[in-house]
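In what follows, a structure is listed as C-alpha cells, so that the remarks can point back to it.
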Amino acid sequence: STSQEAKKMPTLTPQTNKKVRIGCASAFYGDSQLSARQLVDGGNLDYLVFDYLAEVTMAILARAKAKNENHGYAIDFVTVAMKDVLADCAKQGIKVVANAGGVNVPGCIAALEQLCEEQGLNLKIAGVYGDDLAANASTLKTKHNLSESQTGEPLPENLASMNAYLGGAPVAEALAAGADVVVTGRVVDSAVVIGPLMHEFGWDLTQYHQLAQAALAGHVIECGAQCTGGNFTDWHLVPDFANMSYPIAEVSEDGSFVVEIPSPSLVKSGGMVSIGTVAEQIVYEIGDPANYLLPDVACDFSQVKLEQIGENQVRVSNARGRAPGNQYKVCATYVDGYKLMGQFFMGGQRAALKARTSLEAWVKRTQTVFAQKGLPDYRDVSLEIIGSEDTYGPHACAQNTREVMGKFGLHHNSKEALVFASMEMAYLATSATPGMSGFGAGRVRPQPLMRVHSTLINKDAVAVTIQLGSKVIANRVFESAASTKTPKCSFGPQVTAAQLDSKQAMVEVPLEQLAYARSGDKGNNANVGVIARKPEYLPVLYQQLTAAAVAEFFGHVVEGEVTRFEVPGFDAFNFFMTQALGGGGTASLRVDSQGKAFGQMLLSKMVRVPAGLLG
C-alpha cells in the first residue's frame with residue numbers, strides 16, 4: 001500500500017528556507033561535451049543530472065550489449081562527462097544522477113568505480129534497474145494485457161527492447177543509502193530530478209503537490225538548453241548560441257523553483273531564461289496538461305504560474321498532484337523491415353520539378369525490376385523536395401526555387417531489395433535531369449526500421465533493484481494508490497465569451513505575431529503548444545485557433561485526431577495530434593520524423609485581429 005511504502009522511505013527533518021540546486025547537462029545521448037563543465041564551474045550545484053535515453057536508444061544499447069556483455073550503457077557518460085568533472089563534483093560535494101545505465105546498470109557502475117580508482121576518488125556508486133523486461137516478454141504477454149495503448153495491437157514477437165518507465169522513488173532510496181552517484185536504467189525523464197528532491201526534502205510518497213512540482217522541475221530542465229533559449233520562437237533575441245547555457249533549477253521545500261543559468265561571472269554563459277522560454281518547454285511533448293501521468297504522481301500543469309523575478313530567472317509554481325495509479329508505461333521496440341533514406345542536391349531552373357522527376361523515375365525503375373523478380377513492392381515511399389516547402393503541403397509558397405535537396409525514404413521487407421535500389425540510384429547522375437550532385441559520400445545503406453509499441457503493466461509485475469557498489473541492497477515493487485482523473489481545464493468567460501470589437505478594422509497577421517509555439521513527438525503522435533504573447537490575444541486564439549482549424553492546417557500529414565487542451569495558468573493551448581508522424585521516430589520515412597518543425601509551421605498560419613489590439 002502507499003502508506004506502507006511511505007513508511008519505508010527515509011525522511012529528513014524539514015529545514016526552513018532550504019534550497020536545492022540541480023543542473024541538467026544532457027537532453028539526449030550525444031548532447032554537448034562541454035555542458036557538464038559549465039554547470040560544475042558556474043552553477044553552485046547540489047546535483048548534476050543527465051538525461052540520455054529515448055525509446056530507440058534502448059534498442060541501440062540492447063544491441064550493443066548483445067555484441068559485448070560489458071556494453072549496453074551510455075559509455076560517453078563515463079569516458080567523457082564523468083572523466084572530466086567527477087573529481088570536481090567530489091570536491092564540491094555535488095551528487096550525480098543519470099539514466100546512463102541503459103540496459104546494463106551494473107556495467108555502468110563497474111566502469112564508474114574503475115574511473116574512481118584511476119582518479120583516486122572514494123565515492124559510492126549506486127544503480128537502479130529492473131526496468132528491462134525483454135527477457136520475460138513472453139511470460140508477461142501471457143499474464144498481462146500488453147496490447148498497444150492506442151491501436152490495441154498485440155505485443156509483437158522478436159522484440160529489440162522492452163522497458164518499463166520507473167519513477168524517482170528508488171533513486172531517492174539509493175541516495176538515502178549514501179550514494180554519491182546514481183545511475184539508472186529506463187526511468188521517466190524527470191525521475192533524475194524527482195528522486196533527489198524526494199531525498200533532500202524528505203517528502204513521502206503521498207505529498208503529491210510537491211511531487212508534481214518536482215516532476216515539473218524535471219520536465220523543464222531535462223531537455224537541457226530548450227528552456228534557456230534553445231529552439232525558442234524568438235531565437236533572434238537569444239544571446240551567444242556559441243556559449244549556450246544549460247539550465248539550473250533552484251528548488252524550495254514547497255516544490256516551487258526558479259529556473260536560471262550558470263553565473264556569467266564564473267563561466268561564459270549565453271542563452272536566456274524568460275517566461276517564454278520556460279513556457280515553451282512546459283508544453284513540449286505532453287498531451288493533456290491536466291493529466292500528465294508519471295509513476296510517482298499524476299500531475300496537473302494547467303494552472304502553473306510563471307513569474308520573471310530577475311534577469312534570466314523565472315519562478316515556477318502552482319503545479320498540482322494526485323495519486324499516480326498503479327501502472328508503469330512500457331515501451332517495446334521491434335524491427336519491421338528495412339528503410340533506405342538519403343538525399344541529393346539539385347540546382348538550376350525548375351529544380352524542384354527536376355528532382356521529383358528523377359526520383360519518381362528511379363522508384364518506377366526499381367519497382368519494375370521487383371515485379372520481374374517476383375519481389376513485393378515497397379511498403380511505403382516518401383519523396384520530399386526540401387527547399388520547395390514540400391513539408392508545408394498546401395501551404396507551400398516557395399516559387400521558382402533554383403536549388404533543392406531531393407530526399408527519399410523507402411520501406412521494404414527485404415534488405416536485399418533496398419541494397420539493389422541504393423546501387424541503382426547512381427544511374428540518375430548521367431541518365432536523368434540536369435543539375436544533380438551530391439553522390440560523393442557514396443551509396444546509402446539500408447537500416448532496420450524500428451517501431452515502438454507502448455503499453456501499460458501493473459507495478460507489482462516489476463521488481464526494482466537498487467544496487468550500491470557490487471551489493472544489491474533492495475529488490476522490491478513500488479506500488480501506488482489508484483488515481484482519479486482531473487476534469488478538463490478551461491479558460492473562463494473573459495476568454496471564451498469575449499466579443500472582439502467589430503467596429504475596428506480587422507487585419508491578417510501570422511500567428512507568430514501573437515504567440516510562441518513549440519512542438520514535439522510521442523511515438524506516432526505530435527503536439528504543438530501555443531502560448532499567447534499577451535493575455536489580450538487569448539480571445540482571438542480561442543476563437544480562431546480551434547482543434548478543427550489546426551486539423552485542417554496539418555491535414556496533409558495528420559491521419560488521426562486533433563485535440564485542443566487549454567492551459568489557463570500561463571495563457572496557453574496544447575494541440576495533441578494522433579497518427580501525425582508517419583510512424584514517428586526511426587519508423588517514419590519523412591524528413592521531419594518527430595514533428596520538430598510543426599510549431600514553426602503553425603506560426604505561419606494567418607489569423608484575423610482587430611488592428612487596435614496590435615498596438
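Order determines the names: the first chain of the C-alpha cells is A, the second B, and so forth; residues in each chain are numbered 1 upward, and ligands are numbered 1 upward as they are shown.
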Selection: 6 Å around Glu280 (chain A), only C-alpha atoms, excl. self and same-chain fewer than 3 positions, as a PyMOL selection string: chain A and resi 277+283+518
DSSP-assigned strand (DSSP E) among region 109-172 of chain A, expressed as JSON, numbers by chain: {"A": [125, 126, 127, 128, 129, 159, 160, 161, 162, 163, 164]}
Put those residues in a file: N, CA, C and O atoms, as a compact mmCIF listing (two decimals), in the first residue's frame.
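Output saved as part.txt:
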# COMPACT_ATOMS: atom_id res chain seq x y z
N ILE A 125 28.93 4.43 -5.59
CA ILE A 125 28.19 4.41 -6.85
C ILE A 125 27.00 3.46 -6.70
O ILE A 125 27.16 2.30 -6.32
N ALA A 126 25.82 3.96 -7.00
CA ALA A 126 24.60 3.15 -6.89
C ALA A 126 23.91 3.05 -8.23
O ALA A 126 24.13 3.87 -9.14
N GLY A 127 23.06 2.05 -8.35
CA GLY A 127 22.29 1.86 -9.58
C GLY A 127 20.86 1.47 -9.28
O GLY A 127 20.56 0.87 -8.24
N VAL A 128 19.97 1.84 -10.18
CA VAL A 128 18.55 1.48 -10.10
C VAL A 128 18.16 0.82 -11.42
O VAL A 128 18.35 1.41 -12.49
N TYR A 129 17.64 -0.39 -11.34
CA TYR A 129 17.22 -1.08 -12.56
C TYR A 129 16.12 -2.09 -12.24
O TYR A 129 15.58 -2.10 -11.15
N LEU A 159 11.24 -8.93 -30.06
CA LEU A 159 11.47 -7.55 -29.65
C LEU A 159 12.95 -7.21 -29.63
O LEU A 159 13.80 -8.05 -29.32
N ALA A 160 13.25 -5.95 -29.94
CA ALA A 160 14.62 -5.46 -29.79
C ALA A 160 14.87 -4.98 -28.37
O ALA A 160 15.98 -5.07 -27.85
N SER A 161 13.83 -4.43 -27.71
CA SER A 161 13.93 -3.98 -26.33
C SER A 161 12.53 -3.89 -25.75
O SER A 161 11.54 -3.80 -26.49
N MET A 162 12.46 -3.92 -24.41
CA MET A 162 11.17 -3.76 -23.72
C MET A 162 11.47 -3.25 -22.32
O MET A 162 12.08 -3.95 -21.52
N ASN A 163 11.06 -2.02 -22.05
CA ASN A 163 11.42 -1.38 -20.77
C ASN A 163 10.23 -0.68 -20.14
O ASN A 163 9.48 0.02 -20.81
N ALA A 164 10.10 -0.87 -18.83
CA ALA A 164 9.14 -0.10 -18.05
C ALA A 164 9.78 1.23 -17.67
O ALA A 164 10.99 1.31 -17.47
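Comparing the minimum interatomic distances between Gly520 (chain A) and each of A:Gln594, A:Ser274, A:Asn475, A:Asn104, counting only C-alpha atoms, we find that A:Gln594 sits nearest.
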Would you mind listing what lies within 6 Å of region 216-230 of chain A as a compact mmCIF listing (two decimals) with all heavy atoms, in the first residue's frame, with only C-alpha atoms counted and same-chain residues fewer than 3 positions away left out?
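Wrote it out as around_27.txt, contents follow:
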# COMPACT_ATOMS: atom_id res chain seq x y z
N CYS A 24 21.09 20.44 -15.22
CA CYS A 24 20.97 19.34 -16.18
C CYS A 24 21.93 19.54 -17.34
O CYS A 24 21.88 20.56 -18.03
CB CYS A 24 19.55 19.23 -16.71
SG CYS A 24 19.33 17.86 -17.88
N SER A 26 22.46 17.20 -19.93
CA SER A 26 22.24 16.38 -21.13
C SER A 26 20.76 16.23 -21.40
O SER A 26 19.99 15.86 -20.52
CB SER A 26 22.87 15.00 -20.97
OG SER A 26 22.59 14.17 -22.08
N ALA A 27 20.36 16.50 -22.65
CA ALA A 27 18.98 16.31 -23.08
C ALA A 27 18.78 15.01 -23.84
O ALA A 27 17.65 14.55 -24.00
CB ALA A 27 18.54 17.48 -23.96
N SER A 190 11.98 12.89 -15.95
CA SER A 190 12.01 13.77 -14.78
C SER A 190 12.44 13.06 -13.50
O SER A 190 12.68 13.71 -12.48
CB SER A 190 10.63 14.41 -14.57
OG SER A 190 9.63 13.41 -14.49
N VAL A 193 15.39 14.16 -11.43
CA VAL A 193 15.19 15.34 -10.58
C VAL A 193 14.26 15.02 -9.41
O VAL A 193 14.49 15.45 -8.28
CB VAL A 193 14.64 16.51 -11.41
CG1 VAL A 193 14.22 17.68 -10.52
CG2 VAL A 193 15.68 16.97 -12.43
N GLN A 213 5.38 19.39 -8.46
CA GLN A 213 6.34 20.46 -8.71
C GLN A 213 7.72 19.90 -9.06
O GLN A 213 8.40 20.43 -9.95
CB GLN A 213 6.44 21.37 -7.48
CG GLN A 213 5.37 22.43 -7.39
CD GLN A 213 5.52 23.54 -8.42
OE1 GLN A 213 4.53 24.06 -8.92
NE2 GLN A 213 6.75 23.91 -8.75
N VAL A 238 18.01 35.66 -28.51
CA VAL A 238 18.84 34.84 -27.62
C VAL A 238 20.31 35.17 -27.84
O VAL A 238 20.83 35.04 -28.96
CB VAL A 238 18.60 33.34 -27.86
CG1 VAL A 238 19.49 32.49 -26.96
CG2 VAL A 238 17.12 33.00 -27.64
N TYR A 246 23.34 25.80 -20.08
CA TYR A 246 22.47 24.69 -19.66
C TYR A 246 21.79 25.08 -18.34
O TYR A 246 22.32 25.89 -17.58
CB TYR A 246 23.27 23.40 -19.57
CG TYR A 246 23.42 22.77 -20.93
CD1 TYR A 246 24.13 23.42 -21.93
CD2 TYR A 246 22.82 21.56 -21.24
CE1 TYR A 246 24.25 22.88 -23.20
CE2 TYR A 246 22.92 21.01 -22.50
CZ TYR A 246 23.64 21.67 -23.49
OH TYR A 246 23.72 21.14 -24.74
N PRO A 247 20.60 24.52 -18.06
CA PRO A 247 19.75 25.10 -17.02
C PRO A 247 20.02 24.62 -15.61
O PRO A 247 20.53 23.51 -15.38
CB PRO A 247 18.35 24.64 -17.46
CG PRO A 247 18.60 23.31 -18.09
CD PRO A 247 19.92 23.45 -18.80
N GLY A 271 22.55 32.28 -24.01
CA GLY A 271 21.19 31.86 -23.78
C GLY A 271 20.43 32.84 -22.92
O GLY A 271 20.93 33.91 -22.56
N MET A 272 19.20 32.47 -22.57
CA MET A 272 18.36 33.34 -21.76
C MET A 272 17.27 32.52 -21.10
O MET A 272 16.92 31.43 -21.55
CB MET A 272 17.72 34.44 -22.62
CG MET A 272 16.81 33.91 -23.71
SD MET A 272 16.15 35.20 -24.81
CE MET A 272 14.92 35.96 -23.76
N VAL A 273 16.75 33.03 -19.99
CA VAL A 273 15.60 32.43 -19.32
C VAL A 273 14.52 33.49 -19.24
O VAL A 273 14.72 34.55 -18.64
CB VAL A 273 15.95 31.92 -17.92
CG1 VAL A 273 14.71 31.35 -17.24
CG2 VAL A 273 17.04 30.86 -17.98
N THR A 277 10.61 31.22 -22.76
CA THR A 277 11.46 30.02 -22.92
C THR A 277 10.99 28.89 -22.01
O THR A 277 11.00 27.72 -22.40
CB THR A 277 12.94 30.33 -22.64
OG1 THR A 277 13.14 30.61 -21.26
CG2 THR A 277 13.44 31.49 -23.47
N VAL A 278 10.57 29.23 -20.81
CA VAL A 278 10.12 28.21 -19.86
C VAL A 278 8.74 27.69 -20.26
O VAL A 278 8.49 26.47 -20.22
CB VAL A 278 10.12 28.76 -18.42
CG1 VAL A 278 9.52 27.74 -17.46
CG2 VAL A 278 11.54 29.13 -17.99
N GLN A 281 8.90 25.14 -23.01
CA GLN A 281 9.36 23.83 -22.58
C GLN A 281 8.29 23.08 -21.80
O GLN A 281 8.19 21.85 -21.89
CB GLN A 281 10.64 23.95 -21.75
CG GLN A 281 11.21 22.62 -21.26
CD GLN A 281 11.49 21.64 -22.38
OE1 GLN A 281 11.75 22.02 -23.52
NE2 GLN A 281 11.40 20.35 -22.08
N ILE A 282 7.47 23.78 -21.04
CA ILE A 282 6.41 23.09 -20.28
C ILE A 282 5.45 22.39 -21.22
O ILE A 282 5.00 21.27 -20.94
CB ILE A 282 5.66 24.08 -19.36
CG1 ILE A 282 6.60 24.58 -18.25
CG2 ILE A 282 4.44 23.41 -18.72
CD1 ILE A 282 5.98 25.64 -17.36
Enumerate, in order of chain and increasing residue number, the residues of region 507-586 of chain A with an atom no farther than 12 Å from region 404-425 of chain A, each with its shortest atom pair and distance in Å to one decimal, counting only C-alpha atoms, as a Markdown table.
| residue | atom | partner | partner_atom | distance |
| --- | --- | --- | --- | --- |
| A:Gly582 | CA | A:Gly409 | CA | 11.3 |
| A:Gly583 | CA | A:His411 | CA | 11.7 |
| A:Thr586 | CA | A:Gly409 | CA | 11.4 |
Output N, CA, C and O atoms of each residue in that selection to a file, as a PDB file, in the first residue's frame.
ATOM      1  N   GLY A 582       3.851   9.704 -39.571  1.00  0.00           N
ATOM      2  CA  GLY A 582       4.229   8.626 -40.486  1.00  0.00           C
ATOM      3  C   GLY A 582       4.913   7.468 -39.799  1.00  0.00           C
ATOM      4  O   GLY A 582       5.757   6.801 -40.387  1.00  0.00           O
ATOM      5  N   GLY A 583       4.546   7.211 -38.551  1.00  0.00           N
ATOM      6  CA  GLY A 583       5.183   6.163 -37.759  1.00  0.00           C
ATOM      7  C   GLY A 583       6.026   6.715 -36.636  1.00  0.00           C
ATOM      8  O   GLY A 583       6.183   6.090 -35.603  1.00  0.00           O
ATOM      9  N   THR A 586      12.288   6.495 -35.646  1.00  0.00           N
ATOM     10  CA  THR A 586      13.016   5.827 -36.730  1.00  0.00           C
ATOM     11  C   THR A 586      12.104   5.022 -37.633  1.00  0.00           C
ATOM     12  O   THR A 586      12.576   4.403 -38.587  1.00  0.00           O
TER      13      THR A 586
END
Applying 12 Å and only C-alpha atoms, which residues near Ala215 (chain A) remain after dropping the ones on its own chain fewer than 6 positions away? List them as a PDB file with C-alpha atoms, in the first residue's frame.
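Written file, part.pdb:
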ATOM      1  CA  GLY A 167       9.961   6.633 -11.168  1.00  0.00           C
ATOM      2  CA  GLY A 168      12.041   8.715  -8.802  1.00  0.00           C
ATOM      3  CA  ALA A 169      11.327   6.868  -5.535  1.00  0.00           C
ATOM      4  CA  VAL A 188      10.806   8.771 -16.787  1.00  0.00           C
ATOM      5  CA  ASP A 189      12.969  11.704 -17.817  1.00  0.00           C
ATOM      6  CA  SER A 190      12.006  13.771 -14.777  1.00  0.00           C
ATOM      7  CA  ALA A 191      12.910  10.989 -12.306  1.00  0.00           C
ATOM      8  CA  VAL A 192      16.539  12.160 -12.208  1.00  0.00           C
ATOM      9  CA  VAL A 193      15.192  15.342 -10.578  1.00  0.00           C
ATOM     10  CA  ILE A 194      12.258  13.900  -8.603  1.00  0.00           C
ATOM     11  CA  GLY A 195      14.489  11.401  -6.767  1.00  0.00           C
ATOM     12  CA  PRO A 196      16.993  13.938  -5.418  1.00  0.00           C
ATOM     13  CA  LEU A 197      14.199  16.281  -4.282  1.00  0.00           C
ATOM     14  CA  MET A 198      12.317  13.482  -2.505  1.00  0.00           C
ATOM     15  CA  TYR A 208       1.557  14.854  -4.372  1.00  0.00           C
ATOM     16  CA  HIS A 209       1.624  18.630  -4.858  1.00  0.00           C
ATOM     17  CA  ILE A 221      15.301  21.123 -17.325  1.00  0.00           C
ATOM     18  CA  GLU A 222      15.570  17.547 -18.666  1.00  0.00           C
ATOM     19  CA  ALA A 249      16.538  24.716 -11.124  1.00  0.00           C
ATOM     20  CA  VAL A 251      14.012  24.273  -5.725  1.00  0.00           C
ATOM     21  CA  GLY A 255       8.437  22.426  -4.620  1.00  0.00           C
ATOM     22  CA  SER A 256       8.363  25.836  -6.270  1.00  0.00           C
ATOM     23  CA  PHE A 257      11.537  26.542  -8.208  1.00  0.00           C
ATOM     24  CA  ILE A 282       6.415  23.094 -20.276  1.00  0.00           C
ATOM     25  CA  TYR A 292       0.378  14.292 -17.093  1.00  0.00           C
ATOM     26  CA  LEU A 293       0.898  10.805 -15.701  1.00  0.00           C
ATOM     27  CA  LEU A 294       4.139   9.630 -14.077  1.00  0.00           C
ATOM     28  CA  PRO A 295       4.996   6.673 -11.792  1.00  0.00           C
ATOM     29  CA  ASP A 296       5.316   8.900  -8.693  1.00  0.00           C
ATOM     30  CA  VAL A 297       2.496  11.366  -9.274  1.00  0.00           C
ATOM     31  CA  ALA A 298      -0.285  12.341 -11.659  1.00  0.00           C
ATOM     32  CA  CYS A 299       0.330  15.987 -12.471  1.00  0.00           C
ATOM     33  CA  ASP A 300      -1.899  18.927 -13.314  1.00  0.00           C
ATOM     34  CA  PHE A 301       0.137  21.658 -15.014  1.00  0.00           C
ATOM     35  CA  VAL A 316       7.556  28.327 -11.460  1.00  0.00           C
ATOM     36  CA  SER A 317       4.767  27.366  -9.054  1.00  0.00           C
ATOM     37  CA  ALA A 319       1.541  22.567 -10.196  1.00  0.00           C
ATOM     38  CA  ARG A 320      -0.913  20.217  -8.509  1.00  0.00           C
ATOM     39  CA  GLY A 321      -0.642  16.478  -7.992  1.00  0.00           C
TER      40      GLY A 321
END
Selection near Gly93 (chain A), 10 Å with only C-alpha atoms, sequence-local residues under 4 positions removed, as a ChimeraX atom specification: /A:45-47,87-89,180
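Restricting the calculation to only C-alpha atoms, the smallest distance between Trp203 (chain A) and any of A:Asp254, A:Glu118, A:Asp31, A:Glu285 is found for A:Asp254.
Excluding Leu514 (chain A) and any residue on its chain fewer than 5 positions from it, the residues at most 10 Å away by only C-alpha atoms are Val509, Val530, Ile531, Ala532, Arg533, Lys534, Pro535, Glu536, Tyr537, Leu538, Val540, Leu541, Leu603, Val607, Val609 and Leu614 of chain A.
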Distance query Val187 (chain A) at most 7 Å, only C-alpha atoms, self and fewer than 5 positions along chain excluded, as a PyMOL selection string: chain A and resi 99+165-167
Please save N, CA, C and O atoms of the selected residues as an mmCIF file, in the first residue's frame.
data_model
loop_
_atom_site.group_PDB
_atom_site.id
_atom_site.type_symbol
_atom_site.label_atom_id
_atom_site.label_comp_id
_atom_site.auth_asym_id
_atom_site.auth_seq_id
_atom_site.Cartn_x
_atom_site.Cartn_y
_atom_site.Cartn_z
ATOM 1 N N ASN A 99 20.403 8.708 -16.068
ATOM 2 C CA ASN A 99 19.817 7.463 -16.574
ATOM 3 C C ASN A 99 20.729 6.825 -17.617
ATOM 4 O O ASN A 99 20.276 6.255 -18.610
ATOM 5 N N TYR A 165 8.961 2.253 -17.552
ATOM 6 C CA TYR A 165 9.446 3.571 -17.152
ATOM 7 C C TYR A 165 9.298 3.691 -15.640
ATOM 8 O O TYR A 165 8.200 3.930 -15.134
ATOM 9 N N LEU A 166 10.414 3.566 -14.924
ATOM 10 C CA LEU A 166 10.397 3.645 -13.468
ATOM 11 C C LEU A 166 10.342 5.098 -13.016
ATOM 12 O O LEU A 166 10.548 6.024 -13.809
ATOM 13 N N GLY A 167 10.087 5.288 -11.712
ATOM 14 C CA GLY A 167 9.961 6.633 -11.168
ATOM 15 C C GLY A 167 11.160 7.073 -10.352
ATOM 16 O O GLY A 167 12.236 6.454 -10.380
#
Nearest-residue call for Lys268 (chain A), choices A:Ser382, A:Ser149, A:Ser35, A:Asn68, using only C-alpha atoms: A:Ser35
